[in-house]
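Below is one structure, written out as structure tokens, with a few remarks after it.
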Amino acid sequence: MADTVFVNDAKVMSKGQVTIPKNVRTALGIETGDRVTFVVDGSNVRVMNSAVYALMRLQEQMKGESEKAGLMSEDDVAEWITASRREEDTQ
């Protein structure tokens, strides 16, 4: 998806509605019923799949938290999960 580059346009209707072109929906992984997020930066607007945008925001917010928790490797995470499950089983 990140390597896909193309230009497409759409007409704004009287109520401000725009149909997202099929090739854009496909590139963003958007299907009927999905939500989109508009990211406005000055005079530029990015349209993103809302689920992807939410995950990106979560990743930004969680950056550095694993180090604070002492989880420095995948093995550390696996050990933490195992210990958490054992703790749940004893309760």
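Identifiers in the structure tokens: chain A, B, ... in order shown; residue index from 1 per chain; ligand index from 1 in order shown.
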Quiz item: Do you know which residues are at most 9 Å from range 40-51 of chain A counting only C-alpha atoms, after dropping those on the same chain fewer than 5 positions away, and could you put them as a list in words?
Solution: Arg25, Leu28, Gly29, Ile30, Asp34, Arg35 and Met56 of chain A
Exercise. DSSP on the backbone, then: every residue of chain A marked alpha helix (DSSP H), written as a ChimeraX atom specification.
Key: /A:22-28,50-62,65-68,74-90
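Listed by chain and then by rising number, the residues of range 25-87 of chain A that DSSP assigns to strand (DSSP E or B) from the backbone are Val36, Thr37, Phe38, Val39, Val40, Asp41, Asn44, Val45, Arg46, Val47, Met48 and Asn49 of chain A.
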Practice problem: Go ahead and compute the interatomic distance for CA of Val24 in chain A and CA of Thr37 in chain A, in Å to one decimal. | Solution: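 If I compute the distance from CA of Val24 in chain A to CA of Thr37 in chain A, I get 13.6 Å.
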Exercise. Give me the residues within 10 Å of range 63-68 of chain A as a PyMOL selection string, counting only C-alpha atoms and dropping any in the same chain fewer than 6 places off.
Key: chain A and resi 57+76-77
I need the residues from that last selection saved to file as a short mmCIF file (atom, residue, chain, number, x, y, z; two decimals), in the first residue's frame (with all heavy atoms), if you can.
```
data_model
loop_
_atom_site.label_atom_id
_atom_site.label_comp_id
_atom_site.auth_asym_id
_atom_site.auth_seq_id
_atom_site.Cartn_x
_atom_site.Cartn_y
_atom_site.Cartn_z
N ARG A 57 -1.92 5.56 15.93
CA ARG A 57 -1.97 6.44 17.12
C ARG A 57 -1.61 5.67 18.39
O ARG A 57 -0.87 6.15 19.24
CB ARG A 57 -3.35 7.07 17.26
CG ARG A 57 -3.74 8.04 16.16
CD ARG A 57 -2.98 9.31 16.29
NE ARG A 57 -3.07 9.73 17.69
CZ ARG A 57 -3.16 10.96 18.12
NH1 ARG A 57 -3.16 11.92 17.28
NH2 ARG A 57 -3.23 11.25 19.40
N ASP A 76 11.27 -11.75 26.51
CA ASP A 76 10.76 -11.08 27.70
C ASP A 76 9.23 -11.02 27.66
O ASP A 76 8.56 -11.24 28.67
CB ASP A 76 11.31 -9.66 27.82
CG ASP A 76 12.80 -9.62 28.13
OD1 ASP A 76 13.35 -10.63 28.61
OD2 ASP A 76 13.41 -8.56 27.88
N VAL A 77 8.69 -10.70 26.50
CA VAL A 77 7.24 -10.61 26.35
C VAL A 77 6.61 -11.99 26.56
O VAL A 77 5.61 -12.13 27.28
CB VAL A 77 6.85 -10.04 24.97
CG1 VAL A 77 5.34 -10.10 24.75
CG2 VAL A 77 7.36 -8.61 24.83
#
```
Quiz item: If you measure from CA of Val5 in chain A to CA of Thr26 in chain A, what distance in Å do you get, rounded to one decimal?
Solution: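 Straight-line distance from CA of Val5 in chain A to CA of Thr26 in chain A works out to 12.6 Å.
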Self-check item: Given only C-alpha atoms as the counted atoms, nearest of A:Val7, A:Ala27, A:Ala54, A:Ala83 to Val39 in chain A
Solution: A:Ala54
Quiz item: When you draw a straight line from CA of Ser73 in chain A to CA of Val52 in chain A, how long is it in Å?
Solution: 24.7 Å
